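See below for work.txt, which holds compact mmCIF, C-alpha atoms.
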```txt
# COMPACT_ATOMS: atom_id res chain seq x y z
CA LYS A 115 17.35 -57.32 58.76
CA ARG A 116 18.96 -54.03 57.86
CA LEU A 117 19.88 -55.35 54.42
CA PHE A 118 16.47 -56.61 53.37
CA TYR A 119 13.98 -54.51 55.31
CA HIS A 120 12.77 -51.20 53.75
CA GLU A 121 10.68 -48.74 55.63
CA PRO A 122 7.70 -47.34 53.72
CA GLU A 123 8.28 -43.99 51.99
CA ARG A 124 6.79 -41.45 54.33
CA ASN A 125 6.81 -38.51 51.87
CA ARG A 126 5.29 -40.30 48.89
CA ALA A 127 2.14 -38.59 47.63
CA PRO A 128 -0.92 -40.78 47.68
CA ASP A 129 -2.44 -41.77 44.33
CA LEU A 130 -5.71 -39.85 44.38
CA LEU A 131 -6.72 -40.66 40.78
CA CYS A 132 -8.90 -43.61 40.20
CA PRO A 133 -8.42 -45.55 36.93
CA SER A 134 -11.37 -43.87 35.21
CA THR A 135 -10.09 -40.40 36.12
CA ARG A 136 -6.66 -41.25 34.83
CA ARG A 137 -8.19 -42.34 31.52
CA LEU A 138 -10.07 -39.04 31.20
CA ALA A 139 -6.92 -37.04 31.95
CA LEU A 140 -4.98 -39.02 29.35
CA ALA A 141 -7.72 -38.45 26.77
CA ALA A 142 -7.69 -34.69 27.48
CA ALA A 143 -3.92 -34.58 27.10
CA MET A 144 -4.13 -36.43 23.77
CA ARG A 145 -6.84 -34.04 22.57
CA THR A 146 -4.67 -31.05 23.49
CA LEU A 147 -1.75 -32.57 21.60
CA GLN A 148 -3.94 -33.09 18.53
CA LEU A 149 -5.08 -29.43 18.60
CA LEU A 150 -1.47 -28.26 18.88
CA LEU A 151 -0.49 -30.40 15.89
CA LEU A 152 -3.45 -29.07 13.90
CA ALA A 153 -2.57 -25.45 14.71
CA THR A 154 1.05 -26.06 13.72
CA THR A 155 -0.03 -27.64 10.42
CA VAL A 156 -2.38 -24.74 9.60
CA THR A 157 0.35 -22.20 10.37
CA LEU A 158 2.84 -23.98 8.10
CA LEU A 159 0.33 -24.29 5.27
CA SER A 160 -0.63 -20.60 5.56
CA ARG A 161 3.01 -19.70 5.02
CA LEU A 162 3.58 -22.10 2.15
CA LEU A 163 0.32 -21.69 0.22
CA PRO A 164 -0.78 -18.44 -1.49
CA ARG A 165 -3.26 -16.30 0.40
CA PRO A 166 -6.80 -16.91 -0.87
CA GLY A 167 -8.26 -13.89 -2.61
CA PRO A 168 -11.83 -12.71 -3.09
CA ARG A 169 -12.51 -15.35 -5.75
CA PHE A 170 -11.85 -18.16 -3.25
CA TRP A 171 -14.12 -16.76 -0.54
CA CYS A 172 -16.97 -15.74 -2.82
CA SER A 173 -16.86 -19.20 -4.45
CA LEU A 174 -16.91 -20.81 -1.02
CA LEU A 175 -19.97 -18.79 -0.03
CA GLY A 176 -21.63 -19.19 -3.42
CA ARG A 177 -21.94 -15.43 -3.88
CA CYS A 178 -19.45 -14.70 -6.62
CA ASP A 179 -19.90 -11.55 -8.63
CA ALA A 180 -19.09 -12.14 -12.28
CA SER A 181 -16.41 -9.46 -12.15
CA ALA A 182 -14.56 -11.34 -9.41
CA THR A 183 -13.57 -14.11 -11.81
CA THR A 184 -13.61 -12.40 -15.20
CA THR A 185 -11.47 -9.30 -14.68
CA ALA A 186 -8.38 -8.99 -16.83
CA SER A 187 -6.10 -9.12 -13.79
CA CYS A 188 -7.70 -12.32 -12.49
CA ARG A 189 -7.59 -13.99 -15.90
CA ALA A 190 -3.92 -13.09 -16.25
CA ALA A 191 -3.09 -14.14 -12.69
CA ALA A 192 -4.66 -17.55 -13.34
CA LEU A 193 -2.20 -18.30 -16.15
CA PRO A 194 0.44 -20.76 -14.83
CA THR A 195 3.53 -19.67 -16.80
CA PRO A 196 2.30 -17.04 -19.25
CA THR A 197 4.17 -15.61 -22.19
CA ARG A 198 4.03 -11.97 -23.16
CA GLU A 199 1.62 -12.84 -25.96
CA GLU A 200 -0.77 -14.63 -23.57
CA LEU A 201 -0.77 -11.65 -21.20
CA GLU A 202 -1.53 -9.32 -24.08
CA ALA A 203 -4.39 -11.58 -25.17
CA VAL A 204 -6.12 -11.26 -21.78
CA GLY A 205 -5.57 -7.50 -21.61
CA ARG A 206 -2.71 -7.32 -19.11
CA PRO A 207 0.52 -6.99 -21.13
CA LEU A 208 3.88 -6.74 -19.42
CA PRO A 209 4.28 -2.97 -18.80
CA HIS A 210 7.35 -1.00 -19.76
CA TYR A 211 7.84 0.37 -16.25
CA MET A 212 8.23 -3.16 -14.85
CA VAL A 213 10.94 -3.94 -17.39
CA HIS A 214 12.62 -0.63 -16.62
CA ALA A 215 12.46 -1.27 -12.86
CA GLU A 216 14.22 -4.61 -13.38
CA GLY A 217 17.02 -3.08 -15.42
CA GLY A 218 15.73 -4.40 -18.74
CA ASP A 219 15.53 -8.04 -17.58
CA GLU A 220 12.20 -9.23 -19.01
CA GLY A 221 12.31 -12.53 -17.11
CA ARG A 222 12.50 -10.84 -13.72
CA ALA A 223 10.00 -8.21 -14.83
CA LEU A 224 7.52 -10.94 -15.81
CA VAL A 225 7.82 -12.63 -12.41
CA ARG A 226 7.26 -9.30 -10.69
CA TRP A 227 4.31 -8.45 -12.92
CA MET A 228 2.63 -11.77 -12.10
CA LYS A 229 2.85 -10.93 -8.39
CA THR A 230 1.26 -7.57 -9.12
CA LEU A 231 -1.52 -9.20 -11.13
CA LYS A 232 -2.31 -11.53 -8.23
CA TRP A 233 -2.41 -8.55 -5.88
CA ARG A 234 -4.67 -6.68 -8.30
CA CYS A 235 -6.96 -9.68 -8.52
CA GLU A 236 -7.14 -9.98 -4.74
CA ILE A 237 -8.10 -6.33 -4.19
CA GLY A 238 -10.49 -6.33 -7.17
CA ASP A 239 -8.84 -3.49 -9.10
CA GLU A 240 -11.56 -3.04 -11.73
CA SER A 241 -14.48 -3.37 -9.33
CA MET A 242 -12.81 -0.94 -6.92
CA LEU A 243 -12.84 1.78 -9.56
CA ALA A 244 -16.36 0.85 -10.67
CA ARG A 245 -17.81 1.41 -7.19
CA PRO A 246 -18.48 4.84 -5.62
CA HIS A 247 -15.75 6.10 -3.34
CA PRO A 248 -17.51 8.45 -0.87
CA ASN A 249 -14.43 8.72 1.36
CA LEU A 250 -12.76 10.91 -1.27
CA GLU A 251 -14.85 13.89 -0.20
CA ARG A 252 -14.44 13.03 3.48
CA ILE A 253 -10.64 12.66 3.38
CA SER A 254 -9.72 15.45 0.95
CA PRO A 255 -10.23 18.38 3.39
CA HIS A 256 -7.85 16.74 5.85
CA PHE A 257 -5.28 15.46 3.36
CA PRO A 258 -5.45 17.35 0.05
CA GLN A 259 -4.12 15.39 -2.95
CA PHE A 260 -4.57 16.51 -6.55
CA LEU A 261 -3.88 15.45 -10.12
CA HIS A 262 -3.09 18.66 -11.95
CA LEU A 263 -2.08 19.96 -15.36
CA PRO A 264 1.12 18.70 -17.04
CA ASP A 265 4.64 20.00 -16.54
CA ARG A 266 6.67 21.45 -19.41
CA ALA A 267 7.52 17.93 -20.65
CA GLY A 268 3.86 16.86 -20.78
CA ARG A 269 3.90 14.73 -17.63
CA LEU A 270 0.89 14.93 -15.29
CA THR A 271 1.66 16.55 -11.95
CA TYR A 272 0.54 14.97 -8.70
CA TRP A 273 0.36 17.29 -5.67
CA GLU A 274 0.24 16.41 -1.97
CA LEU A 275 -0.22 19.21 0.57
CA VAL A 276 1.57 17.39 3.37
CA GLY A 277 1.41 20.38 5.72
CA LYS A 278 -2.40 20.19 5.73
CA LEU A 279 -2.55 16.53 6.76
CA ASP A 280 -4.74 16.22 9.88
CA GLU A 281 -5.16 12.65 11.06
CA ARG A 282 -6.91 13.73 14.28
CA ALA A 283 -9.62 15.53 12.30
CA MET A 284 -10.15 12.39 10.22
CA ARG A 285 -10.61 10.37 13.39
CA LYS A 286 -13.19 12.86 14.65
CA HIS A 287 -15.15 12.30 11.43
CA GLY A 288 -15.14 8.54 11.95
CA LEU A 289 -12.38 7.75 9.46
CA LYS A 290 -10.06 4.88 10.33
CA PRO A 291 -6.46 4.18 9.24
CA ASP A 292 -7.66 1.54 6.80
CA ASP A 293 -9.97 4.12 5.20
CA LEU A 294 -6.95 6.32 4.45
CA PHE A 295 -4.99 3.34 3.11
CA GLN A 296 -7.87 2.23 0.84
CA HIS A 297 -8.24 5.84 -0.33
CA TYR A 298 -4.57 5.83 -1.34
CA ILE A 299 -5.07 2.60 -3.30
CA TRP A 300 -8.19 3.94 -5.05
CA SER A 301 -6.42 7.18 -5.98
CA THR A 302 -3.35 5.29 -7.20
CA LEU A 303 -5.45 3.03 -9.42
CA PHE A 304 -7.25 6.06 -10.83
CA THR A 305 -3.93 7.76 -11.60
CA TRP A 306 -2.36 4.82 -13.42
CA ASP A 307 -5.38 2.98 -14.87
CA VAL A 308 -7.48 5.99 -15.90
CA ALA A 309 -5.51 9.23 -16.06
CA ALA A 310 -2.14 7.86 -17.16
CA GLY A 311 -3.14 4.70 -18.99
CA ASP A 312 0.05 4.57 -21.05
CA ASP A 313 2.37 2.27 -19.10
CA SER A 314 5.43 4.26 -20.16
CA GLN A 315 4.01 7.53 -18.84
CA GLU A 316 5.53 9.07 -15.71
CA VAL A 317 4.19 11.58 -13.21
CA THR A 318 5.93 14.52 -11.56
CA VAL A 319 5.30 14.48 -7.81
CA ILE A 320 5.16 17.74 -5.85
CA ALA A 321 5.00 17.53 -2.04
CA ASP A 322 4.24 20.87 -0.39
CA PHE A 323 5.52 21.03 3.21
CA ALA A 324 4.23 24.55 3.93
CA ASP A 325 2.87 24.78 7.51
CA PHE A 326 4.18 21.29 8.22
CA ARG A 327 4.64 20.34 11.87
CA ILE A 328 6.33 17.22 13.18
CA SER A 329 3.16 16.45 15.16
CA VAL A 330 1.50 15.66 11.81
CA LEU A 331 3.45 12.40 11.68
CA THR A 332 1.47 10.47 14.26
CA PRO A 333 2.16 6.73 14.68
CA THR A 334 -1.04 6.01 12.74
CA VAL A 335 0.02 8.20 9.82
CA LEU A 336 3.48 6.63 9.74
CA LYS A 337 2.00 3.12 9.64
CA VAL A 338 -0.31 4.08 6.75
CA PHE A 339 2.57 5.71 4.86
CA MET A 340 4.70 2.58 5.33
CA ARG A 341 1.89 0.37 3.98
CA VAL A 342 1.40 2.68 1.00
CA ALA A 343 5.14 2.87 0.32
CA LYS A 344 5.35 -0.93 0.26
CA VAL A 345 2.49 -1.17 -2.26
CA LEU A 346 3.97 1.53 -4.50
CA ARG A 347 7.45 0.02 -4.31
CA SER A 348 6.18 -3.48 -5.11
CA HIS A 349 3.49 -2.83 -7.72
CA PHE A 350 4.08 0.64 -9.20
CA PRO A 351 7.87 1.01 -9.48
CA SER A 352 9.63 3.71 -11.50
CA ARG A 353 6.44 5.61 -12.26
CA GLU A 354 7.51 9.01 -10.96
CA HIS A 355 9.84 11.18 -13.03
CA GLY A 356 10.82 13.41 -10.15
CA ILE A 357 9.85 14.18 -6.55
CA PHE A 358 9.97 17.88 -5.66
CA ILE A 359 9.72 18.71 -1.95
CA ILE A 360 8.82 22.39 -1.86
CA ASN A 361 8.57 24.84 1.08
CA ALA A 362 10.71 22.38 2.99
CA PRO A 363 11.44 23.11 6.68
CA PRO A 364 15.13 23.57 7.60
CA TRP A 365 15.38 20.27 9.46
CA ILE A 366 14.15 18.14 6.58
CA GLU A 367 17.67 17.80 5.15
CA THR A 368 18.79 16.09 8.36
CA ALA A 369 15.77 13.77 8.31
CA TYR A 370 16.36 12.94 4.65
CA LYS A 371 20.02 12.09 5.29
CA MET A 372 18.88 9.55 7.90
CA VAL A 373 16.63 7.66 5.46
CA ARG A 374 18.81 8.23 2.39
CA PRO A 375 20.73 4.93 2.77
CA LEU A 376 17.41 3.06 2.68
CA ILE A 377 16.47 4.55 -0.71
CA SER A 378 17.80 3.18 -3.97
CA GLU A 379 20.21 5.30 -5.98
CA ALA A 380 17.64 5.66 -8.75
CA GLN A 381 15.11 7.03 -6.27
CA ARG A 382 17.64 9.37 -4.64
CA GLU A 383 18.42 10.94 -7.99
CA LYS A 384 14.75 11.86 -8.42
CA VAL A 385 14.38 13.78 -5.14
CA ARG A 386 14.93 17.53 -4.99
CA VAL A 387 14.46 19.47 -1.75
CA ILE A 388 13.67 23.22 -2.06
CA HIS A 389 13.51 25.61 0.91
CA GLY A 390 11.52 28.82 1.15
CA ARG A 391 8.49 30.08 -0.76
CA GLU A 392 10.40 32.25 -3.21
CA GLN A 393 12.85 29.48 -4.17
CA SER A 394 10.00 26.97 -4.38
CA GLU A 395 7.95 29.13 -6.75
CA ALA A 396 11.01 29.77 -8.91
CA ALA A 397 11.65 26.02 -9.17
CA LEU A 398 8.00 25.39 -10.02
CA ARG A 399 8.03 27.99 -12.80
CA GLU A 400 11.07 26.28 -14.24
CA LEU A 401 9.30 22.93 -14.05
CA ILE A 402 5.76 23.96 -15.06
CA HIS A 403 4.57 26.62 -17.50
CA PRO A 404 2.81 29.47 -15.63
CA SER A 405 -0.43 28.78 -17.53
CA ASN A 406 -0.50 25.32 -15.93
CA LEU A 407 0.69 26.46 -12.51
CA PRO A 408 -1.94 27.14 -9.79
CA PRO A 409 -2.33 30.79 -8.69
CA ASP A 410 -1.30 29.93 -5.11
CA TYR A 411 2.11 28.98 -6.50
CA GLY A 412 2.72 32.03 -8.70
CA GLY A 413 0.97 30.81 -11.86
CA THR A 414 -2.04 31.80 -13.92
CA GLY A 415 -3.58 28.36 -14.34
CA PRO A 416 -6.60 26.85 -12.60
CA PRO A 417 -6.35 26.20 -8.84
CA LEU A 418 -5.60 22.77 -7.45
CA GLY A 419 -8.74 20.65 -7.65
CA ALA A 420 -10.02 22.24 -10.86
CA SER A 421 -8.07 20.27 -13.48
CA PRO A 422 -10.06 18.06 -15.89
CA TRP A 423 -8.61 14.87 -14.38
CA GLU A 424 -9.43 15.99 -10.85
CA LEU A 425 -13.01 16.78 -11.85
CA ARG A 426 -13.36 13.38 -13.50
CA LYS A 427 -11.94 11.67 -10.43
CA ARG A 428 -14.51 13.30 -8.19
CA GLU A 429 -17.29 12.46 -10.64
CA MET A 430 -16.23 8.79 -10.67
CA ALA A 431 -16.07 8.71 -6.88
CA LYS A 432 -19.68 9.92 -6.67
CA HIS A 433 -21.54 8.08 -9.38
CA ARG A 434 -19.65 5.02 -10.60
```
Entire entry expressed as structure tokens:
Amino acid sequence: KRLFYHEPERNRAPDLLCPSTRRLALAAAMRTLQLLLLATTVTLLSRLLPRPGPRFWCSLLGRCDASATTTASCRAAALPTPTREELEAVGRPLPHYMVHAEGGDEGRALVRWMKTLKWRCEIGDESMLARPHPNLERISPHFPQFLHLPDRAGRLTYWELVGKLDERAMRKHGLKPDDLFQHYIWSTLFTWDVAAGDDSQEVTVIADFADFRISVLTPTVLKVFMRVAKVLRSHFPSREHGIFIINAPPWIETAYKMVRPLISEAQREKVRVIHGREQSEAALRELIHPSNLPPDYGGTGPPLGASPWELRKREMAKHR
């Protein structure tokens, strides 16, 4: 009796699910599994396939502007394996600065240029410059940036008054981080597509750190600067002849040494840090003829914001 008799399991949970309920639960589990598989597939495809640009979405909605599919950048980006001659034929030849950035290797430069053309097509480079840019006037008082007269070698000078950057004031006026980023892109396209159309031309960058405080570098500003730096590094390499940091605070040398290993040797050779107003003005007079130097920096030229290119930029931003 002890060998063949089994007492019922006292702790066994009763089966509360009727057959129909069990079928519904099984169907729900299968549906959940299908959704998980679908989400996984979409994630994998989004990583493998190129990101759809404006042409894809406007075609999907049936609202394509003619410029979205006929710009030079889009026509060039649509070429599968273009030659230099084909790129020239559609108006987007391989630029000298891309070849220079790749150490003279035209094959690598061509691959890089095609990535830039796809990016230009996605953002709508030509239509961006053709539209008004009202945020120029809204952002400029809180982050002054200027294209000014050439240096002694004939290169345009680009000035940023970093010490006057005020991200909090921009927020008070309803400006968002993406507005500042898009403003950077618009200004960059104006500089290289309008003002300095020659692809071998370089610009001298002057960053004025007068009145700079570390509180200027808010997390929002740092994120925008990182996004801008990535765009410039990827799509506009080797376009600056030199970067002059003037009126630099004493601690900037320490900060620069921290980021120096992250900067290429070619970029490091272009950076010059100058302390003090007197030393900064002396360096500027050596770099720029006094007749082209703004009065605020010891010159006799027009003030920042009054150069012909700056006036044209503001005119385009208003009326294009």
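Considering the residues A:Asp313, A:Asp325, A:Asp292, A:Asp219 and counting only C-alpha atoms, Lys337 (chain A) has its shortest atom-to-atom contact with A:Asp292.
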Rounded to one decimal place, report the CA of Gly268 (chain A)-CA of Gly419 (chain A) distance in Å. 18.6 Å
Please list, as an NGL selection string, the residues that have an atom at most 9 Å away from (-5.4, 3.1, -13.0) in the coordinates of this file, counting all atoms listed in the file. :A and (239-240 or 243 or 300-311)
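Shell of Ala203 (chain A) at 12 Å, with all atoms listed in the file counted and residues fewer than 2 places along the chain excluded, is Ala186, Ser187, Arg189, Ala190, Leu193, Pro196, Thr197, Arg198, Glu199, Glu200, Leu201, Gly205, Arg206, Pro207 and Leu208 of chain A.
We find CA of Arg426 (chain A) and CA of Met284 (chain A) to be spaced 24.0 Å apart.
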Looking at A:Glu220, A:Glu379, A:Asp293, A:Asp322, which one is nearest to Val276 (chain A), with distances taken over all atoms listed in the file? A:Asp322
Quick one: everything within 8 Å of Pro404 (chain A), counting all atoms listed in the file, minus sequence neighbours fewer than 5 positions away in the same chain. Send it as a VMD selection string. chain A and resid 399 412 to 415
Incomplete region 269-298 of chain A filled out to N, CA and C atoms as a PDB file, in the coordinates of the input:
```pdb
ATOM      1  N   ARG A 269       4.219  15.717 -18.669  1.00  0.00           N
ATOM      2  CA  ARG A 269       3.900  14.730 -17.630  1.00  0.00           C
ATOM      3  C   ARG A 269       2.865  15.313 -16.661  1.00  0.00           C
ATOM      4  N   LEU A 270       1.854  14.500 -16.301  1.00  0.00           N
ATOM      5  CA  LEU A 270       0.890  14.930 -15.290  1.00  0.00           C
ATOM      6  C   LEU A 270       1.624  15.258 -13.991  1.00  0.00           C
ATOM      7  N   THR A 271       1.087  16.229 -13.259  1.00  0.00           N
ATOM      8  CA  THR A 271       1.660  16.550 -11.950  1.00  0.00           C
ATOM      9  C   THR A 271       0.708  16.063 -10.864  1.00  0.00           C
ATOM     10  N   TYR A 272       1.299  15.478  -9.855  1.00  0.00           N
ATOM     11  CA  TYR A 272       0.540  14.970  -8.700  1.00  0.00           C
ATOM     12  C   TYR A 272       1.001  15.756  -7.476  1.00  0.00           C
ATOM     13  N   TRP A 273       0.051  16.406  -6.788  1.00  0.00           N
ATOM     14  CA  TRP A 273       0.360  17.290  -5.670  1.00  0.00           C
ATOM     15  C   TRP A 273      -0.162  16.702  -4.368  1.00  0.00           C
ATOM     16  N   GLU A 274       0.662  16.755  -3.337  1.00  0.00           N
ATOM     17  CA  GLU A 274       0.240  16.410  -1.970  1.00  0.00           C
ATOM     18  C   GLU A 274       0.574  17.598  -1.067  1.00  0.00           C
ATOM     19  N   LEU A 275      -0.441  18.118  -0.376  1.00  0.00           N
ATOM     20  CA  LEU A 275      -0.220  19.210   0.570  1.00  0.00           C
ATOM     21  C   LEU A 275       0.006  18.588   1.945  1.00  0.00           C
ATOM     22  N   VAL A 276       1.244  18.154   2.172  1.00  0.00           N
ATOM     23  CA  VAL A 276       1.570  17.390   3.370  1.00  0.00           C
ATOM     24  C   VAL A 276       1.344  18.223   4.628  1.00  0.00           C
ATOM     25  N   GLY A 277       1.577  19.523   4.547  1.00  0.00           N
ATOM     26  CA  GLY A 277       1.410  20.380   5.720  1.00  0.00           C
ATOM     27  C   GLY A 277      -0.022  20.481   6.196  1.00  0.00           C
ATOM     28  N   LYS A 278      -0.985  20.115   5.360  1.00  0.00           N
ATOM     29  CA  LYS A 278      -2.400  20.190   5.730  1.00  0.00           C
ATOM     30  C   LYS A 278      -2.955  18.843   6.193  1.00  0.00           C
ATOM     31  N   LEU A 279      -2.103  17.840   6.288  1.00  0.00           N
ATOM     32  CA  LEU A 279      -2.550  16.530   6.760  1.00  0.00           C
ATOM     33  C   LEU A 279      -2.974  16.623   8.220  1.00  0.00           C
ATOM     34  N   ASP A 280      -4.195  16.153   8.515  1.00  0.00           N
ATOM     35  CA  ASP A 280      -4.740  16.220   9.880  1.00  0.00           C
ATOM     36  C   ASP A 280      -5.417  14.902  10.211  1.00  0.00           C
ATOM     37  N   GLU A 281      -4.633  13.978  10.749  1.00  0.00           N
ATOM     38  CA  GLU A 281      -5.160  12.650  11.060  1.00  0.00           C
ATOM     39  C   GLU A 281      -6.168  12.695  12.200  1.00  0.00           C
ATOM     40  N   ARG A 282      -5.984  13.618  13.141  1.00  0.00           N
ATOM     41  CA  ARG A 282      -6.910  13.730  14.280  1.00  0.00           C
ATOM     42  C   ARG A 282      -8.289  14.173  13.809  1.00  0.00           C
ATOM     43  N   ALA A 283      -8.329  15.096  12.849  1.00  0.00           N
ATOM     44  CA  ALA A 283      -9.620  15.530  12.300  1.00  0.00           C
ATOM     45  C   ALA A 283     -10.319  14.378  11.586  1.00  0.00           C
ATOM     46  N   MET A 284      -9.552  13.547  10.892  1.00  0.00           N
ATOM     47  CA  MET A 284     -10.150  12.390  10.220  1.00  0.00           C
ATOM     48  C   MET A 284     -10.772  11.436  11.233  1.00  0.00           C
ATOM     49  N   ARG A 285     -10.065  11.246  12.352  1.00  0.00           N
ATOM     50  CA  ARG A 285     -10.610  10.370  13.390  1.00  0.00           C
ATOM     51  C   ARG A 285     -11.912  10.926  13.953  1.00  0.00           C
ATOM     52  N   LYS A 286     -11.972  12.248  14.126  1.00  0.00           N
ATOM     53  CA  LYS A 286     -13.190  12.860  14.650  1.00  0.00           C
ATOM     54  C   LYS A 286     -14.372  12.647  13.707  1.00  0.00           C
ATOM     55  N   HIS A 287     -14.090  12.519  12.418  1.00  0.00           N
ATOM     56  CA  HIS A 287     -15.150  12.300  11.430  1.00  0.00           C
ATOM     57  C   HIS A 287     -15.399  10.817  11.165  1.00  0.00           C
ATOM     58  N   GLY A 288     -14.862   9.976  12.034  1.00  0.00           N
ATOM     59  CA  GLY A 288     -15.140   8.540  11.950  1.00  0.00           C
ATOM     60  C   GLY A 288     -14.294   7.788  10.940  1.00  0.00           C
ATOM     61  N   LEU A 289     -13.245   8.413  10.428  1.00  0.00           N
ATOM     62  CA  LEU A 289     -12.380   7.750   9.460  1.00  0.00           C
ATOM     63  C   LEU A 289     -11.286   6.966  10.186  1.00  0.00           C
ATOM     64  N   LYS A 290     -11.037   5.766   9.707  1.00  0.00           N
ATOM     65  CA  LYS A 290     -10.060   4.880  10.330  1.00  0.00           C
ATOM     66  C   LYS A 290      -8.795   4.803   9.455  1.00  0.00           C
ATOM     67  N   PRO A 291      -7.687   4.307  10.032  1.00  0.00           N
ATOM     68  CA  PRO A 291      -6.460   4.180   9.240  1.00  0.00           C
ATOM     69  C   PRO A 291      -6.650   3.391   7.955  1.00  0.00           C
ATOM     70  N   ASP A 292      -7.455   2.334   8.011  1.00  0.00           N
ATOM     71  CA  ASP A 292      -7.660   1.540   6.800  1.00  0.00           C
ATOM     72  C   ASP A 292      -8.416   2.324   5.738  1.00  0.00           C
ATOM     73  N   ASP A 293      -9.270   3.272   6.163  1.00  0.00           N
ATOM     74  CA  ASP A 293      -9.970   4.120   5.200  1.00  0.00           C
ATOM     75  C   ASP A 293      -8.969   4.974   4.414  1.00  0.00           C
ATOM     76  N   LEU A 294      -7.972   5.516   5.119  1.00  0.00           N
ATOM     77  CA  LEU A 294      -6.950   6.320   4.450  1.00  0.00           C
ATOM     78  C   LEU A 294      -6.109   5.462   3.516  1.00  0.00           C
ATOM     79  N   PHE A 295      -5.785   4.239   3.960  1.00  0.00           N
ATOM     80  CA  PHE A 295      -4.990   3.340   3.110  1.00  0.00           C
ATOM     81  C   PHE A 295      -5.774   2.964   1.856  1.00  0.00           C
ATOM     82  N   GLN A 296      -7.050   2.590   2.000  1.00  0.00           N
ATOM     83  CA  GLN A 296      -7.870   2.230   0.840  1.00  0.00           C
ATOM     84  C   GLN A 296      -8.054   3.437  -0.091  1.00  0.00           C
ATOM     85  N   HIS A 297      -8.135   4.622   0.487  1.00  0.00           N
ATOM     86  CA  HIS A 297      -8.240   5.840  -0.330  1.00  0.00           C
ATOM     87  C   HIS A 297      -6.981   6.016  -1.179  1.00  0.00           C
ATOM     88  N   TYR A 298      -5.825   5.763  -0.590  1.00  0.00           N
ATOM     89  CA  TYR A 298      -4.570   5.830  -1.340  1.00  0.00           C
ATOM     90  C   TYR A 298      -4.582   4.847  -2.509  1.00  0.00           C
TER      91      TYR A 298
END
```
